[in-house]
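Below: one structure, written as structure tokens.
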Amino acid sequence: MAEAHHPPPLVAGNKSSADVTRDICAPLERGPTGWWWSAFLTSASVLALGAAAVAYQVATGIGTWGLNRTVGWAFDITNFVFWIGIGHAGTLISAILFLFRQQWRTSVNRSAEAMTIFAVMCAGLFPLIHMGRPWLAYWVVPYPNFRGPLWVNFRSALMWDVFAISTYFTISLVFWYVGLIPDLATASARARPGWRRRLLEFFSLGWNGSYRTWHRYELVYLLLAGLATPLVVSVHTVVSFDFATAVLPGWHTTVLPPYFVAGAIFSGMAMVLTLMLVARKVMGLEDYITQRHIDPMCKLTLLTGSIVGLAYLVELFTALYSGNAYEQFAAMNRLWGPYGWCYWVMIGCNVAVPQLLWFPRIRRALPAVFVISVLVNVGMWFERFVIIVTSLHRDFLPSSWTMYLPTSVELATLAGSFGLFFTCFLLFCRFLPMIAMGEVKGVLEHGRGNVAEEVAP
Amino acid sequence: MSKRTLVAVFEHEADLMRAVAAVRAADLKIDDVYAPYAVHGLDRALGWRPSRLGWACALGGMSGAIFMLWLQWWTSAVSWPLNVGGKPWNSLPAFVPVAFEGMVLAAGLTTVFALLAVARLRPGKKTRPIVPGVADDRFALVLEEADAAFDAAAASKLLRNCRAVEVSERVLEDEFSPLGAPAGAARTRLRRRLNYLLLLLLAVVVAMVFLTLPDPSRPNREFFPDMAHSPAYSSASANPNFPDGKTLQSPVPGVLTQGQSPLHYDATDAEALRAGRELRNPFSAKDAKAGARGALVFQTYCTPCHGGGGLGDGAVALRGYPAPPSLVTGDTTKMPDGQLFHIITYGRVNMPAQSGLLSPEDRWAAILHIRSLQTPTAPKSIEAKP
């Protein structure tokens with residue numbers, strides 16, 4: 001009976017620790033494959049396109065965007081919220097699942113955390129460009145200055161955003177790097193002498209595997225996970241405050257913080273799935289990222305997707321129950337207004353499609369999972385667009401009602417952010433151990449359990 | 001500090017765990033264990049106390065939160081209180097999110113830096129693995145040969161019984177890790193290069209000091225002017241946009257400034273007579289406040305010509321300026337207030353117009369003072385007042 005319920009191992013192929021080291025370090029040690037090159041060149045050229053668009057709009061001014069008097073936020077903030085949300089799954093996997101002792105996280109946490117960092121970088125770009133004069137971005141920092149000193153307005157949700165995002169980025173980076181240190185030492189011990197080895201050595205901080213250090217390291221990792229967990233919740237809560245503290249119908253609701261946090265984890269989970277499904281194929285890590293990893297990720301996507309669906313319902317119910325004519329109008333306008341089709345794309349991709357993941361057969365059909373994960377990303381992008389643009393374009397004053405259309409510059413900037421994300425991710429796959437070797441080795445089945453019987457007393 | 005040790009190498013976690021238990025039962029001193037991953041439960045097997053890094057985390061987090069709370073309160077309520085939407089200076093609830101972020105940031109960074117400090121990890125630190133493969137799949141147990149009673153042979157046997165694949169006696173340099181100083185030559189070369197770089201930097205800095213030597217006749221170079229300079233023209237600077245080249249433009253003729261009422265008179269004697277018929281002094285002779293104001297105005301603007309007592313013996317007149325007639329005798333006593341107001345406002349012959357210098361109220365107040373000079377009980381000049 002016990003045998004029948006024993007789940008398949010997390011890592012397939014009965015790997016030993018030495019196998020893990022060899023397999024994970026292999027992509028670092030062999031030259032880049034054709035796949036890698038073609039993916040890298042594609043994303044790097046998209047990045048270049050985005051960089052050109054950004055250079056043009058910084059030189060010309062943000063009049064190059066399709067924004068107008070009424071719709072003062074659109075593509076920029078949509079993309080910002082989208083990317084920030086993507087990041088959240090990385091922290092969920094690395095911190096929250098660590099606190100819940102979910103062993104399957106070990107194979108995906110490294111790349112999920114890398115994803116977080118790159119996604120937050122992409123997100124940060126948009127408010128920066130939106131400032132119009134990005135070279136004065138340091139003015140958001142409260143430092144003693146000769147302008148009075150003139151301080152930032154700490155009562156503004158946008159200011160909270162600055163602190164939340166920068167703290168999130170820093171802590172994610174530190175968390176990621178702390179996790180990397182032992183693996184950098186492992187990789188540098190194997191690397192051929194040269195600049196790569198010297199770099200790996202430099203950043204492995206003289207790690208020698210002493211258990212005195214491991215002992216402290218375990219506690220530090222736990223503390224960081226404990227800090228990152230409320231942090232990740234706070235970040236998207238603060239992002240939702242950007243909207244919830246405004247008086248605009250469709251923004252001014254208390255459901256926004258939980259709704260945003262769930263949506264963030266939902267979109268991030270989908271992005272992790274997209275990336276992992278591609279990476280395991282391209283980097284040859286099928287033994288490490290198995291059904292034991294994909295299955296729980298699918299279930300988390302399903303769970304958070306259903307929470308998001310509930311939030312959509314609550315939104316409509318609040319509008320109905322409030323008896324407030326403006327709220328009701330905003331809700332109806334979302335459903336049936338000029339941007340109604342965006343709402344239905346969002347409902348289709350975020351609520352309907354993930355329900356397919358109830359079926360184990362679909363969770364095992366990886367191409368289907370891949371398509372679902374991409375659709376969820378599309379849907380979550382539209383969710384932010386719907387929240388922002390449909391609320392803004394029909395505000396209290398019918399005389400200022402208008403429509404918003406993105407310009408080519410905005411589209412190129414969005415594409416460029418994807419270019420930046422994938423370029424960074426590909427470089428990460430190529431130059432750093434993509435899977436946390438130190439953690440995977442701790443959950444291997446190889447050499448465990450049956451050793452005791454072999455030894456005669 | 002070096003010490004004699006016995007190093008045993010294991011291939012399996014279970015063997016290591018058993019060896020640790022056996023060694024502790026035999027009362028031998030474990031110096032350290034080296035492992036490729038954090039072996040679960042090993043700290044308990046070793047009987048090590050939990051790390052105290054949690055305190056660093058708590059302290060860092062508390063200081064971060066308190067500092068951010070203080071900063072927000074001080075900048076918003078003390079340093080420059082700005083009215084934002086009528087919210088109170090100390091908007092405590094609005095300060096919670098940033099204080100929270102400050103707490104998390106400080107706690108995280110403090111914990112990690114504390115780890116690096118106590119574990120003596122730093123970028124670029126050189127390390128040699130205690131045994132090959134300890135970063136890969138080997139475990140090493142290091143026993144300290146504390147005293148002469150240590151029986152190396154017996155200990156080796158014990159370890160081999162636990163399936164140690166290799167046991168050897170070693171002298172380790174450092175308390176925690178077998179780190180030797182890196183090869184001398186490479187280090188010297190690195191130091192020399194660093195020296196050259198610093199020298200170059202110094203040269204650049206010195207050159208910069210000379211290049212940017214302050215010229216007292218010009219403003220200093222500003223690297224971050226922030227918002228110190230407005231793009232607008234200052235009122236006294238030249239301005240190419242106006243035909244007369246001035247920034248501060250004079251008002252269009254006939255314009256009345258705020259609070260001014262129009263005077264429809266020409267600067268002629270006939271008009272002065274008409275003003276005498278039509279205008280009344282808004283102040284009564286009993287108005288002490290207006291009287292005091294009039295005395296001040298008269299002393300400031302009129303005495304140079306008319307003299308303190310209004311006799312026409314002012315300092316300017318004594319030096320040759322056409323002397324004005326006495327204000328306390330003769331014609332002036334017979335003129336109505338309105339006529340005097342006209343003369344003061346528009347001027348007459350050598351008497352300059354005062355309208356550009358004095359407000360209408362001050363002119364009327366000055367007239368009040370002239371009248372008080374004309375009445376015999378009045379002091380002859382304001383200097384005579386106590």
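Order determines the names: the first chain of the structure tokens is A, the second B, and so forth; residues in each chain are numbered 1 upward, and ligands are numbered 1 upward as they are shown.
Counting only C-alpha atoms, every residue of chain A that comes within 6 Å of chain B is listed here: Ser17, Ala18, Arg155, Trp160, Ala164, Thr167, Thr186, Phe202, Phe203, Leu205, Gly206, Asn208, Gly209, Ser210, Tyr211, Thr213, Trp214, Arg216 and Gly438 of chain A.
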Notebook entry, point to check: Which residues come within 12 Å of Asn333 of chain A, counting only C-alpha atoms, excluding same-chain residues fewer than 3 positions away, as a PyMOL selection string?
Noted result: chain A and resi 249-250+316+319+325-330+336-343+386-387+389-395
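Summary of the local environment: counting only C-alpha atoms, residues at most 10 Å from segment 134-141 of chain A, other than itself and those fewer than 6 positions away along its chain, are Val58, Leu125, Pro127, Leu128, Leu150, Trp151, Val152, Asn153, Leu158, Met159, Val162 and Phe163 of chain A; Asp226 of chain B.
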Item checked: Close residues, segment 297-302 of chain B itself excluded, 12 Å, only C-alpha atoms, min 6 positions apart in chain, as number ranges by chain -> B: 290-291, 308-317, 324, 327, 344, 351-355, 357-373, 381-383
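Atom to atom, atom CA of Pro354 of chain A and atom CA of Ile307 of chain A stand 11.5 Å apart.
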Next item on the list: Identify, on the basis of only C-alpha atoms, every residue whose closest approach to Arg274 of chain B does not exceed 8 Å; exclude the query and any residue fewer than 4 positions from it along the same chain; express the result as a VMD selection string.
Entry: chain B and resid 270 278 339
Next item on the list: Do a neighbour search on Ala185 of chain A at 7 Å with only C-alpha atoms, toss out local chain neighbours closer than 3 positions, and write the hits as a list in words.
Entry: Ile181, Pro182, Ser188, Ala189, Glu201, Ser204 and Trp207 of chain A; Ala135 of chain B
Item checked: DSSP alpha helix (DSSP H) residues within segment 58-168 of chain A, as a PyMOL selection string -> chain A and resi 58-60+75-91+97-99+109-130+157-168
Selection above as a file: C-alpha atoms, as a compact mmCIF listing (two decimals), in the first residue's frame:
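Output contents, as saved in out00.txt:
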```txt
# COMPACT_ATOMS: atom_id res chain seq x y z
CA VAL A 58 13.25 60.59 -24.46
CA ALA A 59 14.76 62.93 -27.05
CA THR A 60 11.37 64.06 -28.39
CA PHE A 75 0.38 51.57 -21.88
CA ASP A 76 3.13 52.66 -19.56
CA ILE A 77 1.36 51.84 -16.32
CA THR A 78 -0.27 48.75 -17.83
CA ASN A 79 3.16 47.40 -18.67
CA PHE A 80 4.54 48.46 -15.31
CA VAL A 81 1.86 46.58 -13.37
CA PHE A 82 2.10 43.63 -15.74
CA TRP A 83 5.84 43.19 -15.23
CA ILE A 84 5.72 43.75 -11.48
CA GLY A 85 3.07 41.07 -11.30
CA ILE A 86 5.22 38.63 -13.27
CA GLY A 87 7.92 39.02 -10.68
CA HIS A 88 5.71 37.91 -7.83
CA ALA A 89 5.67 34.22 -8.69
CA GLY A 90 9.45 34.09 -8.30
CA THR A 91 9.18 35.24 -4.72
CA LEU A 97 6.89 27.71 -0.74
CA PHE A 98 10.15 27.52 1.21
CA LEU A 99 8.26 28.41 4.39
CA ASN A 109 13.35 28.52 -7.60
CA ARG A 110 16.62 29.77 -9.07
CA SER A 111 15.19 30.59 -12.48
CA ALA A 112 11.95 31.90 -10.96
CA GLU A 113 13.96 34.31 -8.83
CA ALA A 114 15.99 35.36 -11.86
CA MET A 115 12.69 35.94 -13.62
CA THR A 116 11.59 38.15 -10.71
CA ILE A 117 14.68 40.30 -10.96
CA PHE A 118 14.44 40.75 -14.72
CA ALA A 119 10.71 41.40 -14.54
CA VAL A 120 11.17 44.09 -11.89
CA MET A 121 13.86 45.66 -14.07
CA CYS A 122 11.40 45.77 -16.98
CA ALA A 123 8.71 47.17 -14.70
CA GLY A 124 10.94 49.91 -13.31
CA LEU A 125 11.69 51.10 -16.81
CA PHE A 126 8.17 52.37 -17.48
CA PRO A 127 7.69 54.87 -14.64
CA LEU A 128 11.25 55.98 -15.34
CA ILE A 129 10.45 56.78 -18.96
CA HIS A 130 7.10 58.22 -17.95
CA ALA A 157 0.82 56.18 -3.09
CA LEU A 158 3.25 56.77 -5.95
CA MET A 159 5.97 57.51 -3.40
CA TRP A 160 5.12 54.30 -1.55
CA ASP A 161 5.56 52.58 -4.89
CA VAL A 162 9.08 53.91 -5.22
CA PHE A 163 10.00 52.42 -1.87
CA ALA A 164 8.12 49.17 -2.36
CA ILE A 165 9.59 48.46 -5.78
CA SER A 166 13.14 49.40 -4.91
CA THR A 167 13.03 47.36 -1.71
CA TYR A 168 11.52 44.46 -3.60
```
